[in-house]
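Dumped query_26.txt below, it's compact mmCIF, C-alpha atoms:
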# COMPACT_ATOMS: atom_id res chain seq x y z
CA MET A 1 -18.92 34.68 -37.98
CA SER A 2 -16.07 32.22 -38.51
CA ALA A 3 -17.83 29.05 -39.68
CA PRO A 4 -18.66 26.98 -41.77
CA LEU A 5 -14.92 26.83 -42.30
CA TYR A 6 -15.10 25.65 -45.94
CA GLN A 7 -17.61 28.35 -46.92
CA ILE A 8 -15.49 31.16 -45.48
CA GLY A 9 -12.56 29.87 -47.56
CA LEU A 10 -10.30 28.53 -44.81
CA PHE A 11 -9.28 25.56 -46.99
CA GLY A 12 -9.76 24.25 -50.52
CA ASP A 13 -11.57 21.34 -52.13
CA SER A 14 -8.94 18.63 -51.56
CA THR A 15 -8.72 19.41 -47.84
CA ASN A 16 -12.51 19.39 -47.69
CA LEU A 17 -12.57 15.87 -49.16
CA LEU A 18 -9.90 14.67 -46.73
CA LEU A 19 -11.92 16.10 -43.84
CA ALA A 20 -15.04 14.38 -45.25
CA MET A 21 -13.20 11.08 -44.90
CA MET A 22 -12.15 11.89 -41.32
CA LEU A 23 -15.74 12.79 -40.40
CA GLY A 24 -16.87 9.53 -42.04
CA ILE A 25 -14.42 7.60 -39.86
CA GLY A 26 -16.00 9.16 -36.78
CA PHE A 27 -19.52 8.45 -38.08
CA GLY A 28 -18.69 4.81 -38.85
CA PHE A 29 -16.92 4.33 -35.52
CA PHE A 30 -19.87 5.51 -33.43
CA LEU A 31 -22.40 3.59 -35.58
CA GLU A 32 -20.50 0.36 -34.94
CA ARG A 33 -20.04 1.18 -31.21
CA GLY A 34 -23.80 1.55 -30.84
CA GLY A 35 -24.41 -1.85 -32.43
CA LEU A 36 -25.98 -0.42 -35.58
CA GLY A 37 -23.90 -2.73 -37.79
CA SER A 38 -26.01 -5.65 -36.61
CA ALA A 39 -29.21 -6.44 -38.55
CA ARG A 40 -30.77 -8.22 -35.58
CA LYS A 41 -30.21 -5.23 -33.31
CA LEU A 42 -31.47 -2.81 -35.98
CA THR A 43 -34.65 -4.75 -36.78
CA ALA A 44 -35.37 -5.42 -33.07
CA GLN A 45 -36.57 -1.79 -33.13
CA PHE A 46 -39.59 -2.95 -35.16
CA TYR A 47 -40.46 -5.74 -32.70
CA PHE A 48 -40.11 -3.46 -29.63
CA THR A 49 -37.35 -5.60 -28.10
CA ASP A 50 -34.42 -3.17 -28.53
CA MET A 51 -35.06 0.52 -29.16
CA SER A 52 -31.42 1.41 -29.97
CA VAL A 53 -32.23 2.75 -33.47
CA PHE A 54 -34.64 5.30 -32.02
CA LYS A 55 -32.32 6.18 -29.12
CA VAL A 56 -29.21 6.65 -31.28
CA MET A 57 -31.03 8.63 -34.00
CA PHE A 58 -32.82 11.04 -31.73
CA SER A 59 -29.94 11.62 -29.32
CA ALA A 60 -27.77 12.39 -32.40
CA ILE A 61 -30.38 14.78 -33.84
CA VAL A 62 -30.87 16.58 -30.51
CA THR A 63 -27.09 16.87 -29.95
CA ALA A 64 -26.44 18.36 -33.40
CA MET A 65 -29.52 20.60 -33.25
CA LEU A 66 -28.51 22.05 -29.87
CA GLY A 67 -24.92 22.47 -31.08
CA LEU A 68 -26.09 24.41 -34.16
CA PHE A 69 -28.23 26.61 -31.92
CA TRP A 70 -25.44 27.44 -29.44
CA LEU A 71 -22.74 27.98 -32.06
CA SER A 72 -24.91 30.43 -33.98
CA TRP A 73 -26.03 32.09 -30.71
CA PHE A 74 -22.37 32.77 -29.87
CA GLY A 75 -21.89 34.26 -33.34
CA PHE A 76 -19.45 31.53 -34.39
CA LEU A 77 -21.55 29.70 -37.01
CA ASP A 78 -23.45 31.43 -39.82
CA LEU A 79 -26.56 29.26 -40.22
CA SER A 80 -27.56 31.13 -43.40
CA LEU A 81 -24.66 29.37 -45.16
CA ILE A 82 -26.12 25.93 -44.35
CA HIS A 83 -28.94 25.00 -46.71
CA THR A 84 -32.08 23.44 -45.33
CA LEU A 85 -33.14 20.55 -47.53
CA PRO A 86 -36.06 21.33 -49.88
CA THR A 87 -39.28 19.46 -49.13
CA TYR A 88 -41.27 17.48 -51.72
CA LEU A 89 -43.88 16.14 -49.35
CA VAL A 90 -45.69 13.26 -51.10
CA PRO A 91 -42.69 11.61 -52.82
CA GLN A 92 -40.76 11.88 -49.54
CA VAL A 93 -43.52 10.18 -47.56
CA VAL A 94 -43.96 7.43 -50.20
CA GLY A 95 -40.16 7.01 -50.38
CA GLY A 96 -40.06 6.80 -46.58
CA LEU A 97 -42.72 4.07 -46.43
CA LEU A 98 -40.85 2.03 -49.04
CA PHE A 99 -37.58 2.69 -47.23
CA GLY A 100 -39.03 1.54 -43.89
CA ALA A 101 -40.35 -1.68 -45.47
CA GLY A 102 -36.94 -2.25 -47.05
CA PHE A 103 -35.30 -1.61 -43.67
CA VAL A 104 -37.12 -4.40 -41.82
CA VAL A 105 -36.95 -6.84 -44.79
CA GLY A 106 -33.32 -6.15 -45.73
CA GLY A 107 -32.08 -5.56 -42.20
CA TYR A 108 -30.03 -2.40 -42.70
CA CYS A 109 -30.16 1.20 -43.89
CA PRO A 110 -27.58 2.56 -46.37
CA GLY A 111 -25.09 3.84 -43.76
CA THR A 112 -25.41 0.83 -41.46
CA SER A 113 -25.04 -1.62 -44.38
CA CYS A 114 -21.54 -0.13 -44.81
CA ILE A 115 -20.77 -1.03 -41.19
CA ALA A 116 -22.12 -4.54 -41.81
CA VAL A 117 -19.85 -4.85 -44.86
CA SER A 118 -16.74 -3.65 -43.05
CA THR A 119 -17.38 -6.01 -40.12
CA GLY A 120 -17.82 -9.03 -42.39
CA LYS A 121 -21.59 -9.59 -42.47
CA GLY A 122 -22.58 -11.54 -45.60
CA ASP A 123 -26.14 -10.24 -45.52
CA GLY A 124 -24.69 -6.70 -45.37
CA TYR A 125 -22.90 -7.24 -48.71
CA VAL A 126 -26.06 -8.58 -50.33
CA HIS A 127 -28.16 -5.76 -48.90
CA LEU A 128 -25.71 -3.20 -50.30
CA LEU A 129 -25.87 -4.87 -53.74
CA GLY A 130 -29.67 -4.81 -53.58
CA MET A 131 -29.56 -1.12 -52.66
CA ILE A 132 -27.37 -0.36 -55.67
CA ALA A 133 -29.79 -2.35 -57.85
CA GLY A 134 -32.66 -0.29 -56.40
CA ILE A 135 -30.87 2.96 -57.29
CA VAL A 136 -30.27 1.69 -60.86
CA LEU A 137 -33.97 0.71 -61.06
CA PHE A 138 -34.93 4.23 -59.95
CA GLY A 139 -32.51 5.79 -62.44
CA GLU A 140 -33.87 3.68 -65.32
CA MET A 141 -37.44 4.55 -64.38
CA PHE A 142 -36.63 8.22 -63.83
CA PRO A 143 -38.16 9.45 -67.12
CA ILE A 144 -41.60 8.17 -66.01
CA LEU A 145 -41.05 9.02 -62.31
CA GLU A 146 -39.77 12.56 -62.83
CA GLY A 147 -43.23 14.15 -62.56
CA PHE A 148 -44.01 12.44 -59.25
CA TYR A 149 -40.44 13.00 -57.97
CA ASN A 150 -40.86 16.77 -58.36
CA SER A 151 -44.48 16.90 -57.18
CA THR A 152 -45.79 18.72 -54.06
CA PRO A 153 -42.78 21.04 -53.70
CA VAL A 154 -42.98 23.00 -50.45
CA GLY A 155 -39.54 24.67 -50.64
CA GLU A 156 -36.85 24.88 -47.97
CA ILE A 157 -39.35 24.93 -45.15
CA THR A 158 -38.58 24.09 -41.50
CA LEU A 159 -40.87 22.84 -38.73
CA PRO A 160 -40.89 26.21 -36.88
CA GLN A 161 -41.79 28.00 -40.15
CA LEU A 162 -44.60 25.50 -40.77
CA VAL A 163 -46.11 25.92 -37.31
CA GLY A 164 -45.33 29.64 -37.10
CA VAL A 165 -43.11 29.71 -34.02
CA THR A 166 -39.48 30.76 -33.49
CA PRO A 167 -36.79 28.05 -33.96
CA ASN A 168 -36.09 28.15 -30.20
CA VAL A 169 -39.66 27.23 -29.33
CA ALA A 170 -39.67 24.40 -31.92
CA MET A 171 -36.38 23.13 -30.53
CA PHE A 172 -37.76 23.15 -26.99
CA PHE A 173 -40.72 20.99 -28.05
CA ILE A 174 -38.54 18.62 -30.09
CA ILE A 175 -36.30 18.07 -27.05
CA LEU A 176 -39.34 17.56 -24.84
CA MET A 177 -40.70 14.99 -27.33
CA ALA A 178 -37.32 13.26 -27.55
CA LEU A 179 -37.05 12.99 -23.74
CA GLY A 180 -40.59 11.60 -23.59
CA GLY A 181 -39.70 9.15 -26.35
CA PHE A 182 -36.55 8.03 -24.51
CA ALA A 183 -38.52 7.40 -21.31
CA LEU A 184 -41.17 5.45 -23.26
CA ALA A 185 -38.49 3.43 -25.13
CA GLY A 186 -36.94 2.43 -21.81
CA ARG A 187 -40.30 1.31 -20.42
CA ILE A 188 -41.11 -0.73 -23.55
CA GLU A 189 -37.72 -2.47 -23.41
CA ARG A 190 -38.11 -3.32 -19.72
CA ARG A 191 -41.58 -4.74 -20.27
CA ARG A 192 -40.47 -6.81 -23.25
CA SER A 193 -37.41 -8.25 -21.49
CA ILE A 194 -39.47 -9.89 -18.70
CA MET B 1 -22.07 -34.83 -13.66
CA ASN B 2 -23.06 -32.05 -11.26
CA SER B 3 -24.62 -28.74 -12.28
CA THR B 4 -21.41 -26.70 -11.83
CA MET B 5 -19.62 -28.91 -14.33
CA LEU B 6 -22.52 -28.65 -16.73
CA LYS B 7 -22.47 -24.89 -16.39
CA SER B 8 -18.74 -24.57 -16.95
CA LYS B 9 -18.97 -26.84 -19.99
CA PHE B 10 -21.74 -24.67 -21.36
CA PHE B 11 -19.67 -21.50 -20.95
CA THR B 12 -16.58 -23.11 -22.46
CA ARG B 13 -18.65 -23.95 -25.52
CA ILE B 14 -19.88 -20.37 -25.86
CA VAL B 15 -16.35 -19.02 -25.49
CA ASN B 16 -15.03 -21.50 -28.05
CA ARG B 17 -17.74 -20.58 -30.49
CA SER B 18 -17.13 -16.87 -30.27
CA THR B 19 -13.35 -17.33 -30.53
CA GLU B 20 -13.84 -19.50 -33.61
CA THR B 21 -15.58 -16.70 -35.45
CA THR B 22 -14.16 -13.50 -34.01
CA GLY B 23 -10.78 -14.55 -32.64
CA ARG B 24 -11.93 -13.43 -29.19
CA ILE B 25 -15.04 -12.68 -27.21
CA ALA B 26 -16.95 -9.75 -28.67
CA GLU B 27 -17.29 -6.77 -26.34
CA PRO B 28 -20.79 -5.53 -25.51
CA TYR B 29 -22.07 -2.52 -27.47
CA TRP B 30 -21.99 0.96 -25.99
CA ASN B 31 -24.96 2.56 -24.32
CA PRO B 32 -26.93 3.79 -27.39
CA TYR B 33 -27.10 7.33 -25.98
CA TYR B 34 -23.28 7.61 -25.92
CA ALA B 35 -23.14 6.40 -29.54
CA GLY B 36 -25.91 8.87 -30.44
CA ILE B 37 -24.13 11.81 -28.80
CA GLY B 38 -20.93 10.77 -30.61
CA ILE B 39 -22.75 10.75 -33.98
CA GLY B 40 -24.37 14.08 -33.09
CA MET B 41 -20.95 15.62 -32.42
CA VAL B 42 -19.63 14.28 -35.77
CA LEU B 43 -22.71 15.69 -37.52
CA LEU B 44 -22.24 19.06 -35.82
CA SER B 45 -18.55 19.03 -36.83
CA ALA B 46 -19.60 18.38 -40.45
CA PHE B 47 -21.87 21.46 -40.33
CA VAL B 48 -19.06 23.57 -38.82
CA ILE B 49 -16.28 22.28 -41.12
CA ALA B 50 -18.03 21.76 -44.45
CA GLY B 51 -21.34 23.59 -44.02
CA ARG B 52 -23.28 20.40 -44.76
CA GLY B 53 -24.41 17.27 -42.97
CA LEU B 54 -23.69 13.55 -43.22
CA GLY B 55 -25.20 11.22 -45.83
CA ALA B 56 -24.90 7.73 -47.28
CA SER B 57 -27.22 6.92 -50.20
CA GLY B 58 -25.87 9.87 -52.23
CA ALA B 59 -22.42 8.28 -52.35
CA PHE B 60 -23.84 5.10 -53.88
CA THR B 61 -25.87 7.13 -56.37
CA ALA B 62 -22.64 8.80 -57.53
CA LEU B 63 -21.14 5.30 -57.98
CA VAL B 64 -24.20 4.15 -59.93
CA ALA B 65 -24.14 7.24 -62.18
CA VAL B 66 -20.44 6.70 -62.97
CA GLY B 67 -21.06 3.00 -63.62
CA VAL B 68 -23.96 3.67 -66.00
CA GLU B 69 -21.89 6.29 -67.81
CA LYS B 70 -19.03 3.77 -68.26
CA VAL B 71 -21.36 1.12 -69.69
CA ALA B 72 -23.67 3.36 -71.72
CA PRO B 73 -22.40 6.96 -72.00
CA HIS B 74 -25.19 8.13 -74.30
CA HIS B 75 -27.88 6.57 -72.09
CA ALA B 76 -26.48 8.33 -68.99
CA ALA B 77 -26.20 11.67 -70.80
CA THR B 78 -29.88 11.65 -71.80
CA ASN B 79 -31.12 10.83 -68.26
CA ALA B 80 -31.55 13.90 -66.01
CA PHE B 81 -31.17 11.81 -62.83
CA TYR B 82 -27.74 10.37 -63.76
CA ARG B 83 -26.67 13.68 -65.27
CA SER B 84 -27.26 15.52 -61.98
CA TYR B 85 -24.65 13.27 -60.36
CA LEU B 86 -22.12 13.40 -63.21
CA GLY B 87 -21.37 17.12 -63.05
CA ASP B 88 -19.99 19.19 -65.92
CA GLY B 89 -17.10 16.85 -66.73
CA THR B 90 -14.37 19.13 -65.36
CA THR B 91 -13.79 16.96 -62.28
CA SER B 92 -14.45 13.29 -61.59
CA PRO B 93 -17.94 12.68 -60.11
CA LEU B 94 -16.22 10.41 -57.59
CA LYS B 95 -14.29 13.36 -56.16
CA ASP B 96 -17.41 13.91 -54.15
CA TRP B 97 -17.79 14.86 -50.49
CA LEU B 98 -20.19 11.98 -49.74
CA VAL B 99 -18.03 9.40 -51.56
CA PHE B 100 -15.04 10.33 -49.39
CA GLU B 101 -17.23 10.37 -46.29
CA ILE B 102 -18.52 6.85 -47.04
CA VAL B 103 -14.94 5.55 -47.50
CA GLY B 104 -14.38 6.95 -44.00
CA VAL B 105 -17.51 5.21 -42.68
CA LEU B 106 -16.19 1.86 -43.95
CA ILE B 107 -12.82 2.50 -42.25
CA GLY B 108 -14.36 3.77 -38.99
CA GLY B 109 -16.75 0.82 -38.76
CA TYR B 110 -13.90 -1.62 -39.35
CA VAL B 111 -11.64 0.01 -36.75
CA SER B 112 -14.39 -0.02 -34.11
CA GLY B 113 -15.29 -3.63 -34.99
CA VAL B 114 -11.68 -4.84 -34.75
CA LEU B 115 -11.09 -3.04 -31.43
CA ALA B 116 -14.20 -4.68 -29.96
CA GLY B 117 -13.61 -8.14 -31.48
CA ARG B 118 -16.76 -7.88 -33.55
CA VAL B 119 -15.40 -8.55 -37.07
CA ALA B 120 -16.67 -11.96 -38.18
CA SER B 121 -17.92 -13.64 -41.35
CA VAL B 122 -21.54 -14.30 -40.47
CA VAL B 123 -25.03 -13.95 -41.92
CA GLU B 124 -27.28 -12.21 -39.40
CA LYS B 125 -30.74 -13.77 -39.13
CA GLY B 126 -33.28 -15.20 -36.74
CA PRO B 127 -33.17 -18.90 -35.73
CA GLY B 128 -36.10 -19.96 -37.93
CA ILE B 129 -34.76 -19.09 -41.39
CA SER B 130 -31.97 -20.42 -43.62
CA SER B 131 -29.00 -18.24 -44.59
CA GLY B 132 -29.97 -18.50 -48.26
CA ALA B 133 -33.48 -17.21 -47.61
CA ARG B 134 -32.10 -14.42 -45.43
CA LEU B 135 -29.79 -13.33 -48.27
CA GLY B 136 -32.78 -13.24 -50.62
CA TYR B 137 -34.65 -11.00 -48.18
CA ALA B 138 -31.54 -8.80 -47.81
CA PHE B 139 -31.38 -8.31 -51.59
CA PHE B 140 -35.06 -7.46 -52.07
CA GLY B 141 -35.12 -5.27 -48.97
CA GLY B 142 -32.08 -3.50 -50.37
CA ILE B 143 -33.86 -2.84 -53.67
CA ALA B 144 -36.88 -1.29 -51.90
CA MET B 145 -34.56 0.78 -49.73
CA GLY B 146 -32.40 2.03 -52.62
CA PHE B 147 -35.48 2.96 -54.64
CA GLY B 148 -37.19 4.59 -51.64
CA SER B 149 -34.12 6.61 -50.69
CA LYS B 150 -33.97 8.14 -54.17
CA LEU B 151 -37.68 8.97 -54.21
CA ALA B 152 -37.24 10.66 -50.81
CA ARG B 153 -34.01 12.46 -51.86
CA GLY B 154 -31.97 10.86 -49.09
CA CYS B 155 -31.83 8.19 -46.41
CA THR B 156 -31.73 7.89 -42.64
CA SER B 157 -28.41 9.81 -42.70
CA GLY B 158 -28.99 12.58 -45.24
CA GLN B 159 -32.66 13.13 -44.46
CA GLY B 160 -33.01 11.60 -40.99
CA LEU B 161 -29.96 12.93 -39.16
CA THR B 162 -28.94 15.95 -41.26
CA GLY B 163 -32.43 17.18 -42.22
CA GLY B 164 -33.71 16.22 -38.76
CA ALA B 165 -31.16 18.45 -37.01
CA LEU B 166 -31.99 21.30 -39.43
CA MET B 167 -35.70 20.76 -38.61
CA SER B 168 -36.59 20.33 -42.30
CA VAL B 169 -40.29 19.44 -42.76
CA GLY B 170 -39.64 16.88 -45.52
CA SER B 171 -36.99 15.13 -43.42
CA TRP B 172 -39.30 14.74 -40.43
CA ALA B 173 -42.13 13.53 -42.68
CA PHE B 174 -39.70 11.04 -44.25
CA MET B 175 -38.55 9.76 -40.88
CA ILE B 176 -42.06 9.26 -39.54
CA ALA B 177 -42.90 7.40 -42.79
CA VAL B 178 -39.80 5.17 -42.34
CA PHE B 179 -40.96 4.08 -38.88
CA VAL B 180 -44.56 3.59 -40.10
CA GLY B 181 -43.33 1.53 -43.09
CA GLY B 182 -41.06 -0.55 -40.86
CA TYR B 183 -43.67 -1.30 -38.20
CA ALA B 184 -46.32 -2.06 -40.85
CA THR B 185 -44.04 -4.60 -42.58
CA ALA B 186 -42.45 -6.16 -39.47
CA TYR B 187 -45.30 -8.62 -38.82
CA PHE B 188 -44.99 -10.16 -42.30
CA VAL B 189 -41.28 -10.90 -42.00
CA ARG B 190 -41.24 -11.91 -38.32
CA ARG B 191 -39.96 -15.38 -39.28
CA GLU B 192 -36.83 -13.71 -40.62
CA TRP B 193 -35.84 -12.27 -37.23
CA LEU B 194 -37.72 -13.80 -34.29
So that I can check it, write out the structure of this file as structure tokens.
Amino acid sequence: MSAPLYQIGLFGDSTNLLLAMMLGIGFGFFLERGGLGSARKLTAQFYFTDMSVFKVMFSAIVTAMLGLFWLSWFGFLDLSLIHTLPTYLVPQVVGGLLFGAGFVVGGYCPGTSCIAVSTGKGDGYVHLLGMIAGIVLFGEMFPILEGFYNSTPVGEITLPQLVGVTPNVAMFFIILMALGGFALAGRIERRRSI
Amino acid sequence: MNSTMLKSKFFTRIVNRSTETTGRIAEPYWNPYYAGIGIGMVLLSAFVIAGRGLGASGAFTALVAVGVEKVAPHHAATNAFYRSYLGDGTTSPLKDWLVFEIVGVLIGGYVSGVLAGRVASVVEKGPGISSGARLGYAFFGGIAMGFGSKLARGCTSGQGLTGGALMSVGSWAFMIAVFVGGYATAYFVRREWL
């Protein structure tokens, strides 16, 4: 095993931060290339006229997921050093619903609002300010929210563990679902553009 | 005036308008699948280099925590949410992987926007709404999104992309909830976009 490079001690903290910035540059570049710095293109997802949000997100997830699989298969990447995020089911679903509503009302998500800001969109600046206000609001309410925030903990559980199959089988079905979703997204867009 | 002249006048006006705002005609966006594969490769690189995935809302939470601590140090110290972002005081909370990554996102988005002629001071909105109203929506949408992202322990980057590729149950539940929340709200704000 020779990766993750930071975990095996190939470089220190300052280099890690510099590399974080380089990775961010790549992330921002591709987000803008795909048109995800535009509120109209982002929200068109919710009116079925442009399915780019779905296409970009799921092709990115499938690419990274397959890459993780192959790199660990070859013995290059030690997956045990990468933490799966812990699940708190109910607060995450409620947070997601609120987030989705905020997405279509505000026009951006946190990462894409950065692209909007750096490409000069006035509504992007205001959205980002609103987001910061929302985080402050959450922080100020945290003492009364803490119980709910930590409720329904399920641990670092993955989809294959939940269903009781091997990660390879889960991956196969996720890819199948993604391909089906891509085909459906294309059909919806073609129907809507007539 | 014949139709060819009318047509050419029409196109000249479009060209003039786009050169007024962007300096030149904006290039079309990439095929979303190419952008998605690009983001997937950056995400995979983050796993290989730093042993962690991409994020966005966490960087702004670090900023908020530092801001609150500057204004009201005692208040921040007694709040478990802010405290978890402030660390033990040995290093600056802004020397954070996600903060550096987000600086990169801003740079990468700007570079891509400049190269494609897409940097322009505009407010993105549908034709049936004023810019002022759109900015109001952007602010309130931002608040809901910031609050929701904290309740869900991450956003479309940290939960959606990173947790999605790791097949985390909470991340997939969050993402489904985001789309449900977005589609459920879209009808009520259709005047903002359509």
At a cut-off of 10 Å, using all atoms listed in the file, what residues contact Gly67 (chain B)? Leave out same-chain residues fewer than 4 positions from it and give the result as a ChimeraX atom specification. /A:136 /B:61-63,71-73,76,82
key: Nearby residues (all atoms listed in the file) at most 12 Å from Ile143 (chain B), same-chain spacing under 5 positions excluded, as a PyMOL selection string   = (chain A and resi 98-103+105-110+126-138) or (chain B and resi 136-138+148-150)
**Asked** Quick one: residues within 9 Å of Pro153 (chain A), all atoms listed in the file counted, chain neighbours fewer than 6 positions away excluded, as a PyMOL selection string?
**Response** chain A and resi 86-90
Could you check which of A:Ser72, A:Ser113, A:Thr15, A:Thr84 is closest to chain B, using all atoms listed in the file?
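The answer is A:Thr84, which sits nearest to chain B.
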| said: Calculated over all atoms listed in the file, which of the candidates B:Ile107, B:Leu166, B:Val189, B:Ala80 has the smallest distance to Gly141 (chain B)? | reply: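 Of all the options, B:Val189 lies closest to Gly141 (chain B).
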Residues near His83 (chain A), anyone? I mean within 9 Å using all atoms listed in the file, not counting same-chain ones fewer than 3 positions away, as an mmCIF file with C-alpha atoms, in the coordinates of the input.
data_model
loop_
_atom_site.group_PDB
_atom_site.id
_atom_site.type_symbol
_atom_site.label_atom_id
_atom_site.label_comp_id
_atom_site.auth_asym_id
_atom_site.auth_seq_id
_atom_site.Cartn_x
_atom_site.Cartn_y
_atom_site.Cartn_z
ATOM 1 C CA LEU A 79 -26.560 29.260 -40.220
ATOM 2 C CA SER A 80 -27.560 31.130 -43.400
ATOM 3 C CA PRO A 86 -36.060 21.330 -49.880
ATOM 4 C CA GLU A 156 -36.850 24.880 -47.970
ATOM 5 C CA GLY B 51 -21.340 23.590 -44.020
ATOM 6 C CA ARG B 52 -23.280 20.400 -44.760
ATOM 7 C CA LEU B 166 -31.990 21.300 -39.430
#
Taken to one decimal, the CA of Arg134 (chain B)-CA of Ile115 (chain A) distance is 18.0 Å
Kindly assemble as CSV a list of the region 62-133 of chain B residues that lie within 12 Å of region 43-61 of chain A, each paired with its nearest atom pair and their distance in Å to one decimal, using all atoms listed in the file, sorted first by chain and then by ascending residue number.
residue,atom,partner,partner_atom,distance
B:Glu124,CA,A:Thr43,CA,10.8
B:Lys125,CA,A:Thr43,CA,10.1
B:Gly126,CA,A:Thr43,CA,10.5
Using all atoms listed in the file, determine which residues lie at most 9 Å from Leu66 (chain A), disregarding the query and same-chain residues fewer than 4 positions distant; provide the list as a CSV table (one decimal) with C-alpha atoms, keeping the file's coordinate frame.
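File produced: part-v2.csv:
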chain,number,residue,atom,x,y,z
A,61,ILE,CA,-30.4,14.8,-33.8
A,62,VAL,CA,-30.9,16.6,-30.5
A,70,TRP,CA,-25.4,27.4,-29.4
A,71,LEU,CA,-22.7,28.0,-32.1
A,171,MET,CA,-36.4,23.1,-30.5
B,165,ALA,CA,-31.2,18.4,-37.0
To test the calculation: enclose all listed atoms of region 168-187 of chain A in a box whose edges run along x, y and z, add 5 Å on each side, then state centre and edge lengths in Å to one decimal, as JSON.
{"center_x": -38.6, "center_y": 14.7, "center_z": -26.2, "size_x": 15.1, "size_y": 36.8, "size_z": 21.5}
Item to check | Pairwise distance for CA of Phe179 (chain B) and CA of Pro32 (chain B), rounded to one decimal in Å | outcome: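 Between these atoms lies a distance of 18.1 Å.
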- Residue among A:Pro167, A:Thr119, A:Ala185, A:Ser151 lying closest to Gly28 (chain A), counting all atoms listed in the file: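 The shortest atom-to-atom distance to Gly28 (chain A) comes from A:Thr119.
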ask   = Which distance in Å separates CA of Glu101 (chain B) and CA of Asp88 (chain B), to one decimal?
value =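 We find that CA of Glu101 (chain B) and CA of Asp88 (chain B) lie 21.7 Å from each other.
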- Determine the nearest neighbour of Gly146 (chain B) from the options A:Phe11, A:Gly75, A:Gly37, A:Gly111, counting only C-alpha atoms.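 Comparing A:Phe11, A:Gly75, A:Gly37, A:Gly111 against Gly146 (chain B), the winner is A:Gly111.
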Discussion item. With distances taken over all atoms listed in the file, which residue among A:Ser14, A:Leu19, A:Gly24, A:Pro143 lies nearest chain B?
Written reply: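 Of all the options, A:Gly24 lies closest to chain B.
Among the candidate residues A:Thr166, A:Asn16, A:Thr112, A:Gln161, the one lying nearest to Lys95 (chain B) is A:Asn16, with distances computed using all atoms listed in the file.
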